[in-house]
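Trainee: The structure that follows is given in the form of structure tokens.
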Amino acid sequence: MSDSTRTTYSSVSIYSGNSFNDNVYFESECRYLMGLALGAHDPFLADFSTWAEFADRVDCSFAGGNAGEGSVSTQFINSVPDNYKNTCSVFLEAINNYRHEFEGISNARKISSKSAKNFLYLIPILNRYHPQISVDADTGYLSVTLSGSGANLLSALVTDKGDVHFSLVESGKRIFKLSGVAKVKDSYDYNKVRKIFELL
Amino acid sequence: MNAVSSSEVEIITGNTARYIKQKWVNALGSVDPTAFDLRANPPELYVSFYMSAEIESMKFFVTSFNGISSKFRNPIDSGAMARFDIKQCLEEVNDEEPAVIGFVEKNLPHCGMIYLVSDLTRILEAKATLAFLAKSNLMNVSEIMGHV
């Protein structure tokens with residue numbers, strides 16, 4: 001990847017009216033350079049670092065705070081690269097559906113903006129699949145389910161802290177299950193979460 | 001988290017149904033584990049199921065559909081019904097200590113599934129297991145309505 005082919009992103013917000021934080025610029029540059037170095041060996045890492053640079057700048061705080069308030073900005077979806085638009089649309093649809101379902105219900109669990117932000121880093125990984133994305137009503141965290149070619153399924157839940165809880169369930173002689181938690185302390189390390197989805 | 005209290009009657013056998021909204025089923029017939037979330041309308045303490053003693057599959061789904069749809073304000077015309085063997089659910093989900101789920105009577109034939117732990121991984125695994133079990137015992141509402 002040469003610098004001349006580098007995609008640059010402007011400030012974006014998932015929701016209308018949210019401000020954009022430019023303080024992450026230096027960190028994003030570091031991510032980009034790191035991705036450039038690693039991308040020589042793994043094209044996915046180059047793509048991921050470019051996406052992470054974009055995701056760093058996305059404001060996922062939700063206007064109003066209560067489920068059912070606020071409206072999704074088209075600015076976000078217009079800003080994402082074409083190859084990620086479908087997956088990002090599924091992501092936004094999940095948020096919209098949840099907000100619509102709980103519109104006017106004051107005691108509904110709020111969507112965790114930190115979880116949504118953390119989830120955003122998984123887009124390049126999920127883009128390889130056909131993800132079912134939802135908001136977990138118990139916690140307000142974003143979750144994703146992938147169905148395999150057989151009867152198997154993999155479900156993952158991204159917390160506000162950044163942890164990714166996952167569970168693979170598939171048929172064997174009995175039902176086979178593999179579950180655990182990935183502890184992600186830096187958003188760039190979400191690239192390693194692809195190992196979970198490769199279990200499917 | 002809940003526990004099966006002494007005032008609740010636990011259910012350990014029998015067949016039960018859950019209504020799966022259209023948005024929880026994908027084109028391949030896979031069920032989204034969020035179908036087993038505790039919703040907040042008002043805050044739920046259990047996930048609703050409907051017991052039926054009907055053995056024959058279509059009779060089971062028709063009885064369950066009629067029972068569940070009578071509780072809805074608007075007619076149900078989309079989504080699917082999933083059939084569960086409670087004994088199998090308990091064995092497959094509660095495969096380590098402490099148990100993750102339990103079924104309790106909630107004015108039968110209505111019953112509730114409660115979560116007994118707060119560990120996120122175990123709850124996610126429970127929901128994924130139930131979604132997995134649902135896929136093999138799922139019938140579209142449109143098909144059921146043809147027999148109502």
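Scheme for the structure tokens: letters A, B, ... for chains in order shown; per-chain residue numbers from 1; ligand numbers from 1 in order shown.
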Please produce, as a tab-separated table, a per-residue contact table for chain B versus chain A (criterion: any atom at most 10 Å away, only C-alpha atoms considered), showing the nearest atom pair and its distance in Å to one decimal, sorted by chain then residue number.
Mentor:
residue	atom	partner	partner_atom	distance
B:Lys23	CA	A:Asn97	CA	9.1
B:Trp24	CA	A:Gln132	CA	8.6
B:Val25	CA	A:Gln132	CA	9.1
B:Asn26	CA	A:Gln132	CA	7.7
B:Leu28	CA	A:Ser147	CA	8.2
B:Gly29	CA	A:Ser147	CA	9.5
B:Ser30	CA	A:Ser147	CA	6.7
B:Val31	CA	A:Thr145	CA	8.9
B:Asp32	CA	A:Thr145	CA	6.5
B:Pro33	CA	A:Ser155	CA	7.5
B:Thr34	CA	A:Asp136	CA	6.0
B:Ala35	CA	A:Asp136	CA	9.3
B:Phe36	CA	A:Ala137	CA	9.4
B:Asp37	CA	A:Ala137	CA	5.9
B:Leu38	CA	A:Asp138	CA	5.6
B:Arg39	CA	A:Ala137	CA	5.6
B:Ala40	CA	A:Ala108	CA	5.1
B:Asn41	CA	A:Ala108	CA	7.2
B:Pro42	CA	A:Asn107	CA	7.5
B:Pro43	CA	A:Asn107	CA	7.3
B:Glu44	CA	A:Asp138	CA	9.4
B:Glu92	CA	A:Ile175	CA	7.4
B:Val93	CA	A:Lys177	CA	10.0
B:Leu120	CA	A:His165	CA	7.1
B:Thr121	CA	A:His165	CA	5.4
B:Arg122	CA	A:Ser179	CA	8.0
B:Ile123	CA	A:Ser167	CA	9.7
B:Leu124	CA	A:Ser167	CA	6.7
B:Glu125	CA	A:Ser167	CA	5.2
B:Ala126	CA	A:Ser167	CA	8.9
B:Lys127	CA	A:Ser155	CA	8.9
B:Ala128	CA	A:Ser155	CA	6.4
B:Thr129	CA	A:Val169	CA	6.3
B:Leu130	CA	A:Val169	CA	9.7
B:Ala131	CA	A:Leu153	CA	8.5
B:Phe132	CA	A:Val169	CA	6.9
B:Leu133	CA	A:Ile175	CA	9.3
B:Lys135	CA	A:Ala151	CA	7.8
B:Ser136	CA	A:Ala151	CA	8.3
Trainee: Skipping near chain neighbours, those fewer than 5 positions away, what residues fall within 8 Å of Cys111 in chain B using only C-alpha atoms, listed as a PDB file with all heavy atoms, in the first residue's frame?
Mentor:
ATOM      1  N   SER B  48     -40.615 -15.449  28.219  1.00  0.00           N
ATOM      2  CA  SER B  48     -41.912 -16.132  28.139  1.00  0.00           C
ATOM      3  C   SER B  48     -41.933 -17.320  27.183  1.00  0.00           C
ATOM      4  O   SER B  48     -41.432 -17.235  26.059  1.00  0.00           O
ATOM      5  CB  SER B  48     -42.990 -15.144  27.690  1.00  0.00           C
ATOM      6  OG  SER B  48     -43.312 -14.276  28.743  1.00  0.00           O
ATOM      7  N   PHE B  49     -42.526 -18.402  27.639  1.00  0.00           N
ATOM      8  CA  PHE B  49     -42.750 -19.611  26.835  1.00  0.00           C
ATOM      9  C   PHE B  49     -44.184 -20.065  27.061  1.00  0.00           C
ATOM     10  O   PHE B  49     -44.858 -19.593  27.989  1.00  0.00           O
ATOM     11  CB  PHE B  49     -41.784 -20.728  27.253  1.00  0.00           C
ATOM     12  CG  PHE B  49     -40.366 -20.542  26.778  1.00  0.00           C
ATOM     13  CD1 PHE B  49     -39.505 -19.681  27.441  1.00  0.00           C
ATOM     14  CD2 PHE B  49     -39.891 -21.232  25.665  1.00  0.00           C
ATOM     15  CE1 PHE B  49     -38.201 -19.504  27.003  1.00  0.00           C
ATOM     16  CE2 PHE B  49     -38.592 -21.060  25.231  1.00  0.00           C
ATOM     17  CZ  PHE B  49     -37.741 -20.205  25.898  1.00  0.00           C
ATOM     18  N   TYR B  50     -44.628 -20.985  26.211  1.00  0.00           N
ATOM     19  CA  TYR B  50     -46.002 -21.489  26.318  1.00  0.00           C
ATOM     20  C   TYR B  50     -45.957 -23.013  26.284  1.00  0.00           C
ATOM     21  O   TYR B  50     -45.474 -23.618  25.329  1.00  0.00           O
ATOM     22  CB  TYR B  50     -46.834 -20.939  25.148  1.00  0.00           C
ATOM     23  CG  TYR B  50     -48.312 -21.220  25.244  1.00  0.00           C
ATOM     24  CD1 TYR B  50     -49.177 -20.307  25.843  1.00  0.00           C
ATOM     25  CD2 TYR B  50     -48.836 -22.395  24.730  1.00  0.00           C
ATOM     26  CE1 TYR B  50     -50.534 -20.575  25.926  1.00  0.00           C
ATOM     27  CE2 TYR B  50     -50.195 -22.666  24.813  1.00  0.00           C
ATOM     28  CZ  TYR B  50     -51.038 -21.752  25.415  1.00  0.00           C
ATOM     29  OH  TYR B  50     -52.386 -22.004  25.498  1.00  0.00           O
ATOM     30  N   MET B  51     -46.481 -23.638  27.322  1.00  0.00           N
ATOM     31  CA  MET B  51     -46.468 -25.103  27.410  1.00  0.00           C
ATOM     32  C   MET B  51     -47.630 -25.699  26.611  1.00  0.00           C
ATOM     33  O   MET B  51     -48.728 -25.142  26.582  1.00  0.00           O
ATOM     34  CB  MET B  51     -46.628 -25.559  28.870  1.00  0.00           C
ATOM     35  CG  MET B  51     -45.559 -25.103  29.830  1.00  0.00           C
ATOM     36  SD  MET B  51     -44.002 -25.964  29.614  1.00  0.00           S
ATOM     37  CE  MET B  51     -44.426 -27.626  30.125  1.00  0.00           C
ATOM     38  N   PHE B 103     -36.771 -23.316  34.287  1.00  0.00           N
ATOM     39  CA  PHE B 103     -38.128 -23.005  33.806  1.00  0.00           C
ATOM     40  C   PHE B 103     -39.074 -23.051  34.998  1.00  0.00           C
ATOM     41  O   PHE B 103     -38.996 -23.985  35.817  1.00  0.00           O
ATOM     42  CB  PHE B 103     -38.577 -24.026  32.755  1.00  0.00           C
ATOM     43  CG  PHE B 103     -37.880 -23.868  31.421  1.00  0.00           C
ATOM     44  CD1 PHE B 103     -36.666 -24.491  31.182  1.00  0.00           C
ATOM     45  CD2 PHE B 103     -38.437 -23.086  30.416  1.00  0.00           C
ATOM     46  CE1 PHE B 103     -36.013 -24.356  29.958  1.00  0.00           C
ATOM     47  CE2 PHE B 103     -37.792 -22.943  29.191  1.00  0.00           C
ATOM     48  CZ  PHE B 103     -36.580 -23.576  28.956  1.00  0.00           C
ATOM     49  N   VAL B 104     -39.937 -22.063  35.086  1.00  0.00           N
ATOM     50  CA  VAL B 104     -40.881 -22.019  36.209  1.00  0.00           C
ATOM     51  C   VAL B 104     -42.287 -21.719  35.699  1.00  0.00           C
ATOM     52  O   VAL B 104     -42.470 -21.088  34.648  1.00  0.00           O
ATOM     53  CB  VAL B 104     -40.488 -20.941  37.249  1.00  0.00           C
ATOM     54  CG1 VAL B 104     -39.206 -21.322  37.982  1.00  0.00           C
ATOM     55  CG2 VAL B 104     -40.349 -19.572  36.602  1.00  0.00           C
ATOM     56  N   GLU B 105     -43.270 -22.198  36.451  1.00  0.00           N
ATOM     57  CA  GLU B 105     -44.658 -21.935  36.091  1.00  0.00           C
ATOM     58  C   GLU B 105     -44.983 -20.453  36.259  1.00  0.00           C
ATOM     59  O   GLU B 105     -44.594 -19.828  37.253  1.00  0.00           O
ATOM     60  CB  GLU B 105     -45.589 -22.759  36.992  1.00  0.00           C
ATOM     61  CG  GLU B 105     -45.533 -24.252  36.726  1.00  0.00           C
ATOM     62  CD  GLU B 105     -46.542 -25.034  37.558  1.00  0.00           C
ATOM     63  OE1 GLU B 105     -47.399 -24.398  38.225  1.00  0.00           O
ATOM     64  OE2 GLU B 105     -46.476 -26.264  37.548  1.00  0.00           O
ATOM     65  N   LYS B 106     -45.676 -19.926  35.285  1.00  0.00           N
ATOM     66  CA  LYS B 106     -46.161 -18.541  35.351  1.00  0.00           C
ATOM     67  C   LYS B 106     -47.597 -18.535  34.870  1.00  0.00           C
ATOM     68  O   LYS B 106     -47.881 -18.141  33.746  1.00  0.00           O
ATOM     69  CB  LYS B 106     -45.297 -17.616  34.472  1.00  0.00           C
ATOM     70  CG  LYS B 106     -43.863 -17.450  34.920  1.00  0.00           C
ATOM     71  CD  LYS B 106     -43.763 -16.610  36.188  1.00  0.00           C
ATOM     72  CE  LYS B 106     -42.311 -16.463  36.645  1.00  0.00           C
ATOM     73  NZ  LYS B 106     -42.212 -15.793  37.967  1.00  0.00           N
TER      74      LYS B 106
END
Trainee: For the atom pair CA of Asn137 in chain B and CA of Ile95 in chain A, what is the interatomic distance in Å to one decimal place?
Mentor: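 About the pair CA of Asn137 in chain B and CA of Ile95 in chain A: they are 28.6 Å apart.
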Trainee: Counting only C-alpha atoms, figure out which residue out of B:Asn107, B:Gln22, B:Thr16, B:Ser70 gets nearest to Ile55 in chain B.
Mentor: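 So, comparing all the options, the nearest one is B:Thr16.
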Trainee: Calculated over only C-alpha atoms, which of the candidates B:Asn15, B:Asn66, B:Asn140, B:Ser78 has the smallest distance to Ser52 in chain B?
Mentor: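 The answer is B:Asn15, which sits nearest to Ser52 in chain B.
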Trainee: Can you measure CA of Ser79 in chain A to CA of Ser49 in chain A for me? One decimal in Å is fine.
Mentor: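 That distance, rounded to one decimal, is 16.4 Å.
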Trainee: So which residues touch Glu93 in chain A within 10 Å, counting only C-alpha atoms, skipping near sequence neighbours fewer than 5 positions away, as an NGL selection string?
Mentor: :A and (72 or 87-88 or 98-99 or 133-134)
Trainee: Output the selection as a PDB file, in the first residue's frame - N, CA and C atoms for each residue.
Mentor:
ATOM      1  N   VAL A  72     -30.342   8.497  13.373  1.00  0.00           N
ATOM      2  CA  VAL A  72     -29.063   8.122  12.788  1.00  0.00           C
ATOM      3  C   VAL A  72     -28.681   9.101  11.683  1.00  0.00           C
ATOM      4  N   THR A  87     -22.088  -3.901   5.554  1.00  0.00           N
ATOM      5  CA  THR A  87     -21.940  -4.332   6.943  1.00  0.00           C
ATOM      6  C   THR A  87     -22.253  -3.190   7.904  1.00  0.00           C
ATOM      7  N   CYS A  88     -21.835  -1.981   7.543  1.00  0.00           N
ATOM      8  CA  CYS A  88     -22.147  -0.833   8.397  1.00  0.00           C
ATOM      9  C   CYS A  88     -23.647  -0.546   8.407  1.00  0.00           C
ATOM     10  N   TYR A  98     -33.467  -1.329  17.545  1.00  0.00           N
ATOM     11  CA  TYR A  98     -33.555  -1.347  19.005  1.00  0.00           C
ATOM     12  C   TYR A  98     -34.205  -0.058  19.505  1.00  0.00           C
ATOM     13  N   ARG A  99     -33.739   1.040  18.960  1.00  0.00           N
ATOM     14  CA  ARG A  99     -34.273   2.336  19.398  1.00  0.00           C
ATOM     15  C   ARG A  99     -35.757   2.446  19.051  1.00  0.00           C
ATOM     16  N   ILE A 133     -26.637  -8.609  13.340  1.00  0.00           N
ATOM     17  CA  ILE A 133     -26.190  -7.734  14.431  1.00  0.00           C
ATOM     18  C   ILE A 133     -27.409  -7.279  15.233  1.00  0.00           C
ATOM     19  N   SER A 134     -27.263  -7.283  16.553  1.00  0.00           N
ATOM     20  CA  SER A 134     -28.373  -6.902  17.429  1.00  0.00           C
ATOM     21  C   SER A 134     -27.844  -6.134  18.628  1.00  0.00           C
TER      22      SER A 134
END
Trainee: Just list as a list of chain:residue names whatever in range 69-150 of chain A DSSP marks as strand (DSSP E).
Mentor: A:Gln132, A:Ile133, A:Ser134, A:Val135, A:Leu142, A:Ser143, A:Val144, A:Thr145, A:Leu146, A:Ser147
Trainee: DSSP on the backbone, helix (DSSP H, G or I) only: what residues of chain B does that give? Format it as a PyMOL selection string.
Mentor: chain B and resi 22-24+33-36+57-69+86-93+120-135+141-145
